[in-house]
file work.pdb (PDB, C-alpha atoms and all ligand atoms)
ATOM      1  CA  ASN A   1      -1.770   3.117  18.122  1.00  0.00           C
ATOM      2  CA  LEU A   2      -1.286   5.021  14.912  1.00  0.00           C
ATOM      3  CA  SER A   3      -2.867   8.367  14.104  1.00  0.00           C
ATOM      4  CA  LYS A   4      -5.704   8.291  11.583  1.00  0.00           C
ATOM      5  CA  ARG A   5      -3.318   9.703   8.999  1.00  0.00           C
ATOM      6  CA  LEU A   6      -0.620   7.076   9.533  1.00  0.00           C
ATOM      7  CA  ALA A   7      -3.222   4.288   9.690  1.00  0.00           C
ATOM      8  CA  ALA A   8      -4.438   5.411   6.263  1.00  0.00           C
ATOM      9  CA  VAL A   9      -0.847   5.100   5.038  1.00  0.00           C
ATOM     10  CA  ALA A  10      -0.226   1.739   6.753  1.00  0.00           C
ATOM     11  CA  GLN A  11      -3.254   0.048   5.149  1.00  0.00           C
ATOM     12  CA  PHE A  12      -1.516   0.269   1.763  1.00  0.00           C
ATOM     13  CA  VAL A  13       1.699  -1.492   2.825  1.00  0.00           C
ATOM     14  CA  PRO A  14       1.167  -5.087   1.610  1.00  0.00           C
ATOM     15  CA  GLN A  15       1.642  -8.066   3.922  1.00  0.00           C
ATOM     16  CA  ASP A  16       5.272  -9.321   3.994  1.00  0.00           C
ATOM     17  CA  SER A  17       6.728  -6.155   2.490  1.00  0.00           C
ATOM     18  CA  ILE A  18      10.287  -5.029   2.868  1.00  0.00           C
ATOM     19  CA  VAL A  19       9.438  -1.411   3.521  1.00  0.00           C
ATOM     20  CA  ALA A  20      11.546   1.729   3.406  1.00  0.00           C
ATOM     21  CA  ASP A  21      10.069   4.585   5.411  1.00  0.00           C
ATOM     22  CA  ILE A  22      11.776   7.744   4.166  1.00  0.00           C
ATOM     23  CA  GLY A  23      11.654  10.711   6.561  1.00  0.00           C
ATOM     24  CA  SER A  24      10.693   8.336   9.340  1.00  0.00           C
ATOM     25  CA  ASP A  25      11.178  10.726  12.291  1.00  0.00           C
ATOM     26  CA  HIS A  26       9.653   8.883  15.308  1.00  0.00           C
ATOM     27  CA  ALA A  27       9.526   5.598  13.282  1.00  0.00           C
ATOM     28  CA  TYR A  28       5.912   5.020  14.401  1.00  0.00           C
ATOM     29  CA  LEU A  29       4.988   3.472  11.052  1.00  0.00           C
ATOM     30  CA  PRO A  30       7.693   0.774  10.726  1.00  0.00           C
ATOM     31  CA  ILE A  31       7.410   0.014  14.462  1.00  0.00           C
ATOM     32  CA  TRP A  32       3.652  -0.490  14.243  1.00  0.00           C
ATOM     33  CA  LEU A  33       3.870  -2.548  11.040  1.00  0.00           C
ATOM     34  CA  THR A  34       6.593  -4.743  12.570  1.00  0.00           C
ATOM     35  CA  GLU A  35       4.588  -5.261  15.777  1.00  0.00           C
ATOM     36  CA  GLN A  36       1.595  -6.270  13.635  1.00  0.00           C
ATOM     37  CA  LYS A  37       3.832  -8.862  11.893  1.00  0.00           C
ATOM     38  CA  ARG A  38       3.184  -7.244   8.566  1.00  0.00           C
ATOM     39  CA  LEU A  39       6.808  -6.931   7.392  1.00  0.00           C
ATOM     40  CA  LYS A  40       9.726  -9.058   6.263  1.00  0.00           C
ATOM     41  CA  GLY A  41      12.018  -6.155   6.967  1.00  0.00           C
ATOM     42  CA  ALA A  42      12.212  -2.413   7.311  1.00  0.00           C
ATOM     43  CA  ILE A  43      14.561   0.476   6.701  1.00  0.00           C
ATOM     44  CA  ALA A  44      13.911   3.839   8.302  1.00  0.00           C
ATOM     45  CA  GLY A  45      15.675   6.769   6.644  1.00  0.00           C
ATOM     46  CA  GLU A  46      16.175  10.256   8.066  1.00  0.00           C
ATOM     47  CA  VAL A  47      18.299  13.146   6.904  1.00  0.00           C
ATOM     48  CA  VAL A  48      18.050  15.533   9.877  1.00  0.00           C
ATOM     49  CA  ALA A  49      20.098  14.794  13.009  1.00  0.00           C
ATOM     50  CA  GLY A  50      17.337  15.413  15.595  1.00  0.00           C
ATOM     51  CA  PRO A  51      14.653  13.247  13.970  1.00  0.00           C
ATOM     52  CA  PHE A  52      17.337  10.636  13.142  1.00  0.00           C
ATOM     53  CA  GLU A  53      18.121  10.321  16.857  1.00  0.00           C
ATOM     54  CA  SER A  54      14.398  10.080  17.542  1.00  0.00           C
ATOM     55  CA  THR A  55      14.135   7.232  14.991  1.00  0.00           C
ATOM     56  CA  GLN A  56      17.002   5.382  16.646  1.00  0.00           C
ATOM     57  CA  THR A  57      15.709   5.941  20.168  1.00  0.00           C
ATOM     58  CA  HIS A  58      12.236   4.630  19.382  1.00  0.00           C
ATOM     59  CA  VAL A  59      13.487   1.569  17.508  1.00  0.00           C
ATOM     60  CA  THR A  60      15.799   0.782  20.436  1.00  0.00           C
ATOM     61  CA  GLN A  61      13.038   1.284  23.013  1.00  0.00           C
ATOM     62  CA  TRP A  62      10.914  -1.278  21.183  1.00  0.00           C
ATOM     63  CA  HIS A  63      13.931  -3.634  20.852  1.00  0.00           C
ATOM     64  CA  LEU A  64      13.452  -3.783  17.086  1.00  0.00           C
ATOM     65  CA  GLU A  65      17.056  -3.119  16.002  1.00  0.00           C
ATOM     66  CA  ASP A  66      17.152  -6.486  14.221  1.00  0.00           C
ATOM     67  CA  GLN A  67      13.953  -5.796  12.277  1.00  0.00           C
ATOM     68  CA  ILE A  68      14.300  -2.078  11.485  1.00  0.00           C
ATOM     69  CA  GLN A  69      17.536  -0.677  10.090  1.00  0.00           C
ATOM     70  CA  VAL A  70      17.895   3.023  10.806  1.00  0.00           C
ATOM     71  CA  ARG A  71      19.903   4.961   8.216  1.00  0.00           C
ATOM     72  CA  LEU A  72      21.054   8.573   8.101  1.00  0.00           C
ATOM     73  CA  GLY A  73      20.918  10.162   4.657  1.00  0.00           C
ATOM     74  CA  ASP A  74      19.028  12.098   2.028  1.00  0.00           C
ATOM     75  CA  GLY A  75      15.788  10.547   0.798  1.00  0.00           C
ATOM     76  CA  VAL A  76      15.908   7.217  -1.025  1.00  0.00           C
ATOM     77  CA  GLU A  77      19.663   7.585  -1.442  1.00  0.00           C
ATOM     78  CA  VAL A  78      19.984   5.545   1.770  1.00  0.00           C
ATOM     79  CA  LEU A  79      18.765   2.536  -0.252  1.00  0.00           C
ATOM     80  CA  ASN A  80      20.893   0.066  -2.147  1.00  0.00           C
ATOM     81  CA  PRO A  81      18.682  -1.190  -4.987  1.00  0.00           C
ATOM     82  CA  GLU A  82      20.425  -4.597  -5.307  1.00  0.00           C
ATOM     83  CA  GLU A  83      21.034  -5.520  -1.685  1.00  0.00           C
ATOM     84  CA  ASP A  84      17.987  -4.148   0.113  1.00  0.00           C
ATOM     85  CA  GLN A  85      15.268  -5.717  -2.055  1.00  0.00           C
ATOM     86  CA  VAL A  86      12.786  -3.123  -0.908  1.00  0.00           C
ATOM     87  CA  THR A  87       9.243  -3.851  -2.121  1.00  0.00           C
ATOM     88  CA  CYS A  88       7.451  -0.778  -0.779  1.00  0.00           C
ATOM     89  CA  ILE A  89       8.594   2.795  -0.184  1.00  0.00           C
ATOM     90  CA  VAL A  90       6.643   5.095   2.117  1.00  0.00           C
ATOM     91  CA  ILE A  91       7.157   8.863   2.065  1.00  0.00           C
ATOM     92  CA  ALA A  92       4.652  10.541   4.369  1.00  0.00           C
ATOM     93  CA  GLY A  93       4.040  13.821   6.152  1.00  0.00           C
ATOM     94  CA  MET A  94       5.866  16.166   3.788  1.00  0.00           C
ATOM     95  CA  GLY A  95       4.930  18.562   1.026  1.00  0.00           C
ATOM     96  CA  GLY A  96       4.205  17.057  -2.381  1.00  0.00           C
ATOM     97  CA  LEU A  97       7.031  18.954  -4.023  1.00  0.00           C
ATOM     98  CA  LEU A  98       9.587  17.640  -1.522  1.00  0.00           C
ATOM     99  CA  ILE A  99       8.298  14.087  -2.064  1.00  0.00           C
ATOM    100  CA  THR A 100       8.783  14.346  -5.828  1.00  0.00           C
ATOM    101  CA  GLU A 101      12.237  15.920  -5.384  1.00  0.00           C
ATOM    102  CA  ILE A 102      13.270  13.053  -3.124  1.00  0.00           C
ATOM    103  CA  LEU A 103      12.078  10.489  -5.701  1.00  0.00           C
ATOM    104  CA  GLU A 104      13.651  12.354  -8.626  1.00  0.00           C
ATOM    105  CA  ARG A 105      17.037  12.727  -6.901  1.00  0.00           C
ATOM    106  CA  GLY A 106      16.995   9.093  -5.856  1.00  0.00           C
ATOM    107  CA  LEU A 107      15.859   7.408  -9.087  1.00  0.00           C
ATOM    108  CA  ALA A 108      19.163   5.491  -9.321  1.00  0.00           C
ATOM    109  CA  HIS A 109      18.452   4.006  -5.886  1.00  0.00           C
ATOM    110  CA  LEU A 110      15.143   2.414  -6.841  1.00  0.00           C
ATOM    111  CA  ASN A 111      15.010  -1.161  -8.135  1.00  0.00           C
ATOM    112  CA  GLY A 112      11.977  -0.185 -10.232  1.00  0.00           C
ATOM    113  CA  HIS A 113       9.571  -2.692  -8.671  1.00  0.00           C
ATOM    114  CA  GLU A 114       8.643  -0.838  -5.498  1.00  0.00           C
ATOM    115  CA  ARG A 115       5.092   0.149  -4.655  1.00  0.00           C
ATOM    116  CA  LEU A 116       5.167   3.831  -3.643  1.00  0.00           C
ATOM    117  CA  VAL A 117       2.892   4.874  -0.786  1.00  0.00           C
ATOM    118  CA  LEU A 118       2.974   8.668  -0.698  1.00  0.00           C
ATOM    119  CA  GLN A 119       1.206  11.010   1.698  1.00  0.00           C
ATOM    120  CA  PRO A 120       1.752  14.643   0.729  1.00  0.00           C
ATOM    121  CA  ASN A 121       0.467  17.271   3.167  1.00  0.00           C
ATOM    122  CA  ILE A 122      -0.004  19.706   0.286  1.00  0.00           C
ATOM    123  CA  MET A 123       0.433  19.742  -3.520  1.00  0.00           C
ATOM    124  CA  GLU A 124      -1.102  16.347  -4.206  1.00  0.00           C
ATOM    125  CA  PRO A 125      -1.415  17.049  -7.971  1.00  0.00           C
ATOM    126  CA  THR A 126       2.369  17.473  -8.206  1.00  0.00           C
ATOM    127  CA  VAL A 127       2.795  13.968  -6.792  1.00  0.00           C
ATOM    128  CA  ARG A 128       0.264  12.466  -9.225  1.00  0.00           C
ATOM    129  CA  GLU A 129       1.943  14.214 -12.128  1.00  0.00           C
ATOM    130  CA  TRP A 130       5.340  12.832 -11.116  1.00  0.00           C
ATOM    131  CA  LEU A 131       3.898   9.313 -10.902  1.00  0.00           C
ATOM    132  CA  MET A 132       2.294   9.627 -14.327  1.00  0.00           C
ATOM    133  CA  LYS A 133       5.500  10.953 -15.926  1.00  0.00           C
ATOM    134  CA  HIS A 134       7.454   8.019 -14.502  1.00  0.00           C
ATOM    135  CA  HIS A 135       4.921   5.375 -15.598  1.00  0.00           C
ATOM    136  CA  TYR A 136       3.389   4.631 -12.219  1.00  0.00           C
ATOM    137  CA  ALA A 137      -0.304   3.772 -12.193  1.00  0.00           C
ATOM    138  CA  ILE A 138      -2.269   5.147  -9.250  1.00  0.00           C
ATOM    139  CA  VAL A 139      -3.823   1.948  -7.895  1.00  0.00           C
ATOM    140  CA  GLU A 140      -5.215   3.185  -4.578  1.00  0.00           C
ATOM    141  CA  GLU A 141      -5.989   6.445  -2.805  1.00  0.00           C
ATOM    142  CA  ALA A 142      -7.378   7.462   0.555  1.00  0.00           C
ATOM    143  CA  ILE A 143      -8.456  10.708   2.174  1.00  0.00           C
ATOM    144  CA  VAL A 144      -8.762  11.337   5.927  1.00  0.00           C
ATOM    145  CA  ALA A 145      -9.541  14.341   8.101  1.00  0.00           C
ATOM    146  CA  GLU A 146      -7.535  14.755  11.281  1.00  0.00           C
ATOM    147  CA  ASP A 147      -6.948  17.776  13.535  1.00  0.00           C
ATOM    148  CA  GLY A 148      -8.598  20.156  11.096  1.00  0.00           C
ATOM    149  CA  HIS A 149      -6.509  19.075   8.131  1.00  0.00           C
ATOM    150  CA  ILE A 150      -7.441  16.777   5.263  1.00  0.00           C
ATOM    151  CA  TYR A 151      -4.745  14.347   4.165  1.00  0.00           C
ATOM    152  CA  GLU A 152      -4.555  12.306   0.992  1.00  0.00           C
ATOM    153  CA  VAL A 153      -2.637   9.075   0.457  1.00  0.00           C
ATOM    154  CA  ILE A 154      -1.598   8.128  -3.081  1.00  0.00           C
ATOM    155  CA  VAL A 155      -0.336   4.656  -4.038  1.00  0.00           C
ATOM    156  CA  GLY A 156       1.680   4.145  -7.224  1.00  0.00           C
ATOM    157  CA  GLU A 157       2.789   0.918  -8.877  1.00  0.00           C
ATOM    158  CA  PRO A 158       5.255   0.767 -11.773  1.00  0.00           C
ATOM    159  CA  ARG A 159       3.933  -0.056 -15.239  1.00  0.00           C
ATOM    160  CA  THR A 160       5.793  -0.788 -18.449  1.00  0.00           C
ATOM    161  CA  GLU A 161       3.378   1.201 -20.595  1.00  0.00           C
ATOM    162  CA  ALA A 162       2.569   4.918 -20.362  1.00  0.00           C
ATOM    163  CA  VAL A 163      -0.087   5.986 -17.857  1.00  0.00           C
ATOM    164  CA  GLU A 164      -2.703   8.562 -18.897  1.00  0.00           C
ATOM    165  CA  LEU A 165      -4.300  10.928 -16.395  1.00  0.00           C
ATOM    166  CA  ASP A 166      -6.362  13.967 -17.344  1.00  0.00           C
ATOM    167  CA  GLU A 167      -6.481  17.269 -15.482  1.00  0.00           C
ATOM    168  CA  ALA A 168      -9.325  16.180 -13.187  1.00  0.00           C
ATOM    169  CA  ASP A 169      -7.460  12.946 -12.345  1.00  0.00           C
ATOM    170  CA  LEU A 170      -4.408  14.975 -11.323  1.00  0.00           C
ATOM    171  CA  VAL A 171      -6.364  17.495  -9.260  1.00  0.00           C
ATOM    172  CA  PHE A 172      -8.849  15.181  -7.521  1.00  0.00           C
ATOM    173  CA  GLY A 173      -7.141  11.804  -7.814  1.00  0.00           C
ATOM    174  CA  PRO A 174      -8.331   9.091 -10.224  1.00  0.00           C
ATOM    175  CA  VAL A 175      -9.518   6.780  -7.419  1.00  0.00           C
ATOM    176  CA  LEU A 176     -10.922   9.463  -5.114  1.00  0.00           C
ATOM    177  CA  ARG A 177     -12.952  11.193  -7.822  1.00  0.00           C
ATOM    178  CA  ARG A 178     -14.548   7.875  -8.714  1.00  0.00           C
ATOM    179  CA  ARG A 179     -15.374   6.903  -5.107  1.00  0.00           C
ATOM    180  CA  GLN A 180     -16.058  10.361  -3.643  1.00  0.00           C
ATOM    181  CA  PRO A 181     -15.778   9.429   0.051  1.00  0.00           C
ATOM    182  CA  ILE A 182     -17.257  11.815   2.636  1.00  0.00           C
ATOM    183  CA  ASP A 183     -13.960  13.630   3.396  1.00  0.00           C
ATOM    184  CA  PHE A 184     -13.473  14.156  -0.328  1.00  0.00           C
ATOM    185  CA  GLN A 185     -16.893  15.809  -0.597  1.00  0.00           C
ATOM    186  CA  LEU A 186     -16.066  17.939   2.445  1.00  0.00           C
ATOM    187  CA  LYS A 187     -12.702  19.066   1.073  1.00  0.00           C
ATOM    188  CA  TRP A 188     -14.019  20.078  -2.328  1.00  0.00           C
ATOM    189  CA  SER A 189     -17.276  21.688  -1.248  1.00  0.00           C
ATOM    190  CA  THR A 190     -15.288  23.839   1.214  1.00  0.00           C
ATOM    191  CA  LEU A 191     -12.813  24.794  -1.500  1.00  0.00           C
ATOM    192  CA  LEU A 192     -15.600  25.506  -3.955  1.00  0.00           C
ATOM    193  CA  ASN A 193     -17.187  27.975  -1.539  1.00  0.00           C
ATOM    194  CA  LYS A 194     -13.843  29.708  -0.989  1.00  0.00           C
ATOM    195  CA  LYS A 195     -13.210  30.006  -4.691  1.00  0.00           C
ATOM    196  CA  ARG A 196     -16.695  31.373  -5.368  1.00  0.00           C
ATOM    197  CA  HIS A 197     -16.140  34.088  -2.749  1.00  0.00           C
ATOM    198  CA  LEU A 198     -12.722  34.823  -4.195  1.00  0.00           C
ATOM    199  CA  LEU A 199     -14.205  35.160  -7.671  1.00  0.00           C
ATOM    200  CA  VAL A 200     -16.772  37.707  -6.478  1.00  0.00           C
ATOM    201  CA  GLN A 201     -14.003  39.708  -4.792  1.00  0.00           C
ATOM    202  CA  LEU A 202     -11.786  39.596  -7.869  1.00  0.00           C
ATOM    203  CA  GLN A 203     -14.618  40.657 -10.166  1.00  0.00           C
ATOM    204  CA  GLY A 204     -15.480  43.573  -7.862  1.00  0.00           C
ATOM    205  CA  ALA A 205     -11.891  44.804  -7.593  1.00  0.00           C
ATOM    206  CA  GLN A 206     -10.596  47.651  -9.746  1.00  0.00           C
ATOM    207  CA  VAL A 207      -7.544  46.026 -11.277  1.00  0.00           C
ATOM    208  CA  THR A 208      -7.735  42.246 -11.417  1.00  0.00           C
ATOM    209  CA  PRO A 209      -5.859  40.727 -14.371  1.00  0.00           C
ATOM    210  CA  THR A 210      -8.321  38.860 -16.596  1.00  0.00           C
ATOM    211  CA  GLU A 211      -6.109  35.747 -16.563  1.00  0.00           C
ATOM    212  CA  LYS A 212      -6.471  35.565 -12.765  1.00  0.00           C
ATOM    213  CA  ILE A 213     -10.264  35.627 -13.083  1.00  0.00           C
ATOM    214  CA  ALA A 214     -10.139  33.014 -15.848  1.00  0.00           C
ATOM    215  CA  THR A 215      -7.984  30.734 -13.679  1.00  0.00           C
ATOM    216  CA  VAL A 216     -10.383  30.869 -10.734  1.00  0.00           C
ATOM    217  CA  GLN A 217     -13.365  30.366 -13.050  1.00  0.00           C
ATOM    218  CA  HIS A 218     -11.677  27.297 -14.482  1.00  0.00           C
ATOM    219  CA  GLU A 219     -10.969  25.906 -10.995  1.00  0.00           C
ATOM    220  CA  ILE A 220     -14.604  26.424 -10.018  1.00  0.00           C
ATOM    221  CA  GLN A 221     -15.796  24.695 -13.169  1.00  0.00           C
ATOM    222  CA  LEU A 222     -13.532  21.686 -12.507  1.00  0.00           C
ATOM    223  CA  ILE A 223     -14.944  21.244  -8.999  1.00  0.00           C
ATOM    224  CA  GLU A 224     -18.535  21.691 -10.181  1.00  0.00           C
ATOM    225  CA  GLU A 225     -17.971  19.001 -12.782  1.00  0.00           C
ATOM    226  CA  VAL A 226     -16.452  16.495 -10.357  1.00  0.00           C
ATOM    227  CA  GLN A 227     -19.393  16.928  -7.992  1.00  0.00           C
ATOM    228  CA  THR A 228     -21.999  16.006 -10.581  1.00  0.00           C
TER
HETATM  229  N1  LIG B   1       6.970  10.181   8.021  1.00  0.00           N
HETATM  230  C1  LIG B   1       6.584  10.581   9.361  1.00  0.00           C
HETATM  231  C2  LIG B   1       5.090  10.755   9.452  1.00  0.00           C
HETATM  232  O1  LIG B   1       4.438  10.798   8.398  1.00  0.00           O
HETATM  233  O2  LIG B   1       4.578  10.877  10.565  1.00  0.00           O
HETATM  234  C3  LIG B   1       7.298  11.866   9.776  1.00  0.00           C
HETATM  235  C4  LIG B   1       6.886  13.093   9.043  1.00  0.00           C
HETATM  236  S1  LIG B   1       7.884  14.480   9.464  1.00  0.00           S
HETATM  237  C5  LIG B   1       6.728  15.796   9.442  1.00  0.00           C
HETATM  238  C6  LIG B   1       8.878  14.709   8.021  1.00  0.00           C
HETATM  239  C7  LIG B   1      10.269  14.125   8.216  1.00  0.00           C
HETATM  240  O3  LIG B   1      10.918  14.042   6.953  1.00  0.00           O
HETATM  241  C8  LIG B   1      11.133  14.975   9.108  1.00  0.00           C
HETATM  242  O4  LIG B   1      11.593  14.195  10.183  1.00  0.00           O
HETATM  243  C9  LIG B   1      12.287  15.397   8.200  1.00  0.00           C
HETATM  244  O5  LIG B   1      13.524  15.451   8.871  1.00  0.00           O
HETATM  245  C10 LIG B   1      12.285  14.303   7.155  1.00  0.00           C
HETATM  246  N2  LIG B   1      12.876  14.664   5.877  1.00  0.00           N
HETATM  247  C11 LIG B   1      12.721  15.811   5.176  1.00  0.00           C
HETATM  248  N3  LIG B   1      13.431  15.785   4.047  1.00  0.00           N
HETATM  249  C12 LIG B   1      14.049  14.575   4.003  1.00  0.00           C
HETATM  250  C13 LIG B   1      14.928  13.947   3.099  1.00  0.00           C
HETATM  251  N4  LIG B   1      15.334  14.563   1.987  1.00  0.00           N
HETATM  252  N5  LIG B   1      15.370  12.704   3.381  1.00  0.00           N
HETATM  253  C14 LIG B   1      14.969  12.072   4.514  1.00  0.00           C
HETATM  254  N6  LIG B   1      14.141  12.627   5.412  1.00  0.00           N
HETATM  255  C15 LIG B   1      13.688  13.863   5.172  1.00  0.00           C
END

call {"tool": "encode", "arguments": {"input": "work.pdb", "output": "C-alpha cells", "more": "lines below"}}
Ligand code: SAM
result
Amino acid sequence: NLSKRLAAVAQFVPQDSIVADIGSDHAYLPIWLTEQKRLKGAIAGEVVAGPFESTQTHVTQWHLEDQIQVRLGDGVEVLNPEEDQVTCIVIAGMGGLLITEILERGLAHLNGHERLVLQPNIMEPTVREWLMKHHYAIVEEAIVAEDGHIYEVIVGEPRTEAVELDEADLVFGPVLRRRQPIDFQLKWSTLLNKKRHLLVQLQGAQVTPTEKIATVQHEIQLIEEVQT
C-alpha cells in the first residue's frame, strides 16, 4: 500500500492516464497505479544511478516491464512530447525549487496538455508561482501530515489565458485556503505561534534591522487574515 503522502498524490492522477513519474526512485506510485488498473501507460524517470536501479528492480519484481518504461535522464527531458503522449506528469518528494527547475529546463519536452501533479516537500509558494507564470490553473490541492511532516500536493492544468493568484493564494494555496482542512489549520496555527515568538525576540534584541521585523509582522498578518 502507498504511504499517506503518495496516496494523496495518486488520487489526482486521472483514470486512464499516461503518466510520467519524474524522480520515481522505488517506482511505488506507477506500480500501484498500474496494479489498480488506473493507467494506459507509464514512464518512470530517474537521473541518479542508485535510485534508477531501484526503479528498474521494483518494476521487474512486479513483472510490469511492459506497462512501465523506466528511463535514465534528467527530469522531463526523458520525455518525447510527440511519441509518448503523456497526459499527466507527477513530480513528488523533492524541494519546490528543484521541481520548478526540472519543469523550466524541460519545457521543450512537454506537449503542453499535461496535468501536473506536484508534491514539493518545501517551498510550495515557488511551485504555485511557477504554475501561474506558465498559465497553469491550480485545480486541486491536498495537505497531509505524515511522520511529523506536513506535505502539500498541488495540481496544475494548462490554460490559454493568464492565471491570477494573489499573495495569499501563493502562500496558502488557492484551494487549501478556501477549504481549510484540519492539517492546513494545524500547519498554519503552528507557524503563527512560531512567528509570534520570533517577533517578540526580534523586538527585544539590540540590533534587529527594521525590515526584518516588518517582514515577520507581514507574515503574521497574512496568517491571521487567512484564519478568519
Ligand atoms: N517520487 C518518489 C516519491 O515521492 O516517493 C521519490 C522521491 S525521492 C525523495 C526524489 C527522487 O528524485 C530521488 O530518487 C532523486 O534521484 C530524484 N531526482 C532528483 N532530481 C532529479 C532530476 N533532475 N531528474 C530525475 N530525478 C531526479

call {"tool": "residues_near_ligand", "arguments": {"input": "work.pdb", "ligand": "ligand LIG 1 (chain B)", "cutoff": "10 Å", "atoms": "only C-alpha atoms and all ligand atoms", "output": "ChimeraX atom specification"}}
result
/A:2-3,5-6,9,21-30,44-52,54-55,71-78,90-95,98-99,101-103,105-106,118-121

call {"tool": "write_last_selection", "arguments": {"input": "work.pdb", "atoms": "C-alpha atoms", "output": "PDB file, in the frame of the given file"}}
result
ATOM      1  CA  LEU A   2      -1.286   5.021  14.912  1.00  0.00           C
ATOM      2  CA  SER A   3      -2.867   8.367  14.104  1.00  0.00           C
ATOM      3  CA  ARG A   5      -3.318   9.703   8.999  1.00  0.00           C
ATOM      4  CA  LEU A   6      -0.620   7.076   9.533  1.00  0.00           C
ATOM      5  CA  VAL A   9      -0.847   5.100   5.038  1.00  0.00           C
ATOM      6  CA  ASP A  21      10.069   4.585   5.411  1.00  0.00           C
ATOM      7  CA  ILE A  22      11.776   7.744   4.166  1.00  0.00           C
ATOM      8  CA  GLY A  23      11.654  10.711   6.561  1.00  0.00           C
ATOM      9  CA  SER A  24      10.693   8.336   9.340  1.00  0.00           C
ATOM     10  CA  ASP A  25      11.178  10.726  12.291  1.00  0.00           C
ATOM     11  CA  HIS A  26       9.653   8.883  15.308  1.00  0.00           C
ATOM     12  CA  ALA A  27       9.526   5.598  13.282  1.00  0.00           C
ATOM     13  CA  TYR A  28       5.912   5.020  14.401  1.00  0.00           C
ATOM     14  CA  LEU A  29       4.988   3.472  11.052  1.00  0.00           C
ATOM     15  CA  PRO A  30       7.693   0.774  10.726  1.00  0.00           C
ATOM     16  CA  ALA A  44      13.911   3.839   8.302  1.00  0.00           C
ATOM     17  CA  GLY A  45      15.675   6.769   6.644  1.00  0.00           C
ATOM     18  CA  GLU A  46      16.175  10.256   8.066  1.00  0.00           C
ATOM     19  CA  VAL A  47      18.299  13.146   6.904  1.00  0.00           C
ATOM     20  CA  VAL A  48      18.050  15.533   9.877  1.00  0.00           C
ATOM     21  CA  ALA A  49      20.098  14.794  13.009  1.00  0.00           C
ATOM     22  CA  GLY A  50      17.337  15.413  15.595  1.00  0.00           C
ATOM     23  CA  PRO A  51      14.653  13.247  13.970  1.00  0.00           C
ATOM     24  CA  PHE A  52      17.337  10.636  13.142  1.00  0.00           C
ATOM     25  CA  SER A  54      14.398  10.080  17.542  1.00  0.00           C
ATOM     26  CA  THR A  55      14.135   7.232  14.991  1.00  0.00           C
ATOM     27  CA  ARG A  71      19.903   4.961   8.216  1.00  0.00           C
ATOM     28  CA  LEU A  72      21.054   8.573   8.101  1.00  0.00           C
ATOM     29  CA  GLY A  73      20.918  10.162   4.657  1.00  0.00           C
ATOM     30  CA  ASP A  74      19.028  12.098   2.028  1.00  0.00           C
ATOM     31  CA  GLY A  75      15.788  10.547   0.798  1.00  0.00           C
ATOM     32  CA  VAL A  76      15.908   7.217  -1.025  1.00  0.00           C
ATOM     33  CA  GLU A  77      19.663   7.585  -1.442  1.00  0.00           C
ATOM     34  CA  VAL A  78      19.984   5.545   1.770  1.00  0.00           C
ATOM     35  CA  VAL A  90       6.643   5.095   2.117  1.00  0.00           C
ATOM     36  CA  ILE A  91       7.157   8.863   2.065  1.00  0.00           C
ATOM     37  CA  ALA A  92       4.652  10.541   4.369  1.00  0.00           C
ATOM     38  CA  GLY A  93       4.040  13.821   6.152  1.00  0.00           C
ATOM     39  CA  MET A  94       5.866  16.166   3.788  1.00  0.00           C
ATOM     40  CA  GLY A  95       4.930  18.562   1.026  1.00  0.00           C
ATOM     41  CA  LEU A  98       9.587  17.640  -1.522  1.00  0.00           C
ATOM     42  CA  ILE A  99       8.298  14.087  -2.064  1.00  0.00           C
ATOM     43  CA  GLU A 101      12.237  15.920  -5.384  1.00  0.00           C
ATOM     44  CA  ILE A 102      13.270  13.053  -3.124  1.00  0.00           C
ATOM     45  CA  LEU A 103      12.078  10.489  -5.701  1.00  0.00           C
ATOM     46  CA  ARG A 105      17.037  12.727  -6.901  1.00  0.00           C
ATOM     47  CA  GLY A 106      16.995   9.093  -5.856  1.00  0.00           C
ATOM     48  CA  LEU A 118       2.974   8.668  -0.698  1.00  0.00           C
ATOM     49  CA  GLN A 119       1.206  11.010   1.698  1.00  0.00           C
ATOM     50  CA  PRO A 120       1.752  14.643   0.729  1.00  0.00           C
ATOM     51  CA  ASN A 121       0.467  17.271   3.167  1.00  0.00           C
TER      52      ASN A 121
END

call {"tool": "residues_around", "arguments": {"input": "work.pdb", "residues": "His218 in chain A", "least_positions_apart": "4", "cutoff": "12 Å", "atoms": "all atoms listed in the file", "output": "MDAnalysis selection string"}}
result
chainID A and resid 167:168 192 195:196 199 211:214 222:225

call {"tool": "closest_residue", "arguments": {"input": "work.pdb", "among": "A:Ala137, A:Ala20, A:Leu186, A:Val200", "to": "Arg159 in chain A", "atoms": "only C-alpha atoms"}}
result
A:Ala137

call {"tool": "closest_residue", "arguments": {"input": "work.pdb", "among": "A:Val163, A:Leu110, A:Val216, A:Ile143", "to": "Val86 in chain A", "atoms": "all atoms listed in the file"}}
result
A:Leu110

call {"tool": "axis_aligned_box", "arguments": {"input": "work.pdb", "around": "range 209-220 of chain A", "padding_each_side": "8 Å", "output": "AutoDock Vina command-line options"}}
result
--center_x -10.2 --center_y 33.3 --center_z -13.3 --size_x 24.7 --size_y 30.8 --size_z 22.6

call {"tool": "residues_around", "arguments": {"input": "work.pdb", "residues": "range 10-19 of chain A", "least_positions_apart": "2", "cutoff": "9 Å", "atoms": "only C-alpha atoms", "output": "ChimeraX atom specification"}}
result
/A:2,5-8,21,29-30,32-33,37-44,84-90,115,117,140-141,153,155

call {"tool": "atom_distance", "arguments": {"input": "work.pdb", "atom1": "CA of Gln221 in chain A", "atom2": "CA of Leu165 in chain A"}}
result
18.2 Å

call {"tool": "atom_distance", "arguments": {"input": "work.pdb", "atom1": "CA of Asp183 in chain A", "atom2": "CA of Val144 in chain A"}}
result
6.2 Å

call {"tool": "closest_residue", "arguments": {"input": "work.pdb", "among": "A:Thr160, A:Thr100, A:Gln36, A:Asn80", "to": "His135 in chain A", "atoms": "all atoms listed in the file"}}
result
A:Thr160

call {"tool": "residues_near_point", "arguments": {"input": "work.pdb", "point": "(5.6, 2.4, -12.3)", "cutoff": "10 Å", "atoms": "only C-alpha atoms", "output": "list in words"}}
result
Gly112, His113, Glu114, Arg115, Leu116, Leu131, Met132, Lys133, His134, His135, Tyr136, Ala137, Ile138, Gly156, Glu157, Pro158, Arg159, Thr160, Glu161, Ala162 and Val163 of chain A

call {"tool": "atom_distance", "arguments": {"input": "work.pdb", "atom1": "CA of Gln67 in chain A", "atom2": "CA of Ala142 in chain A"}}
result
27.7 Å
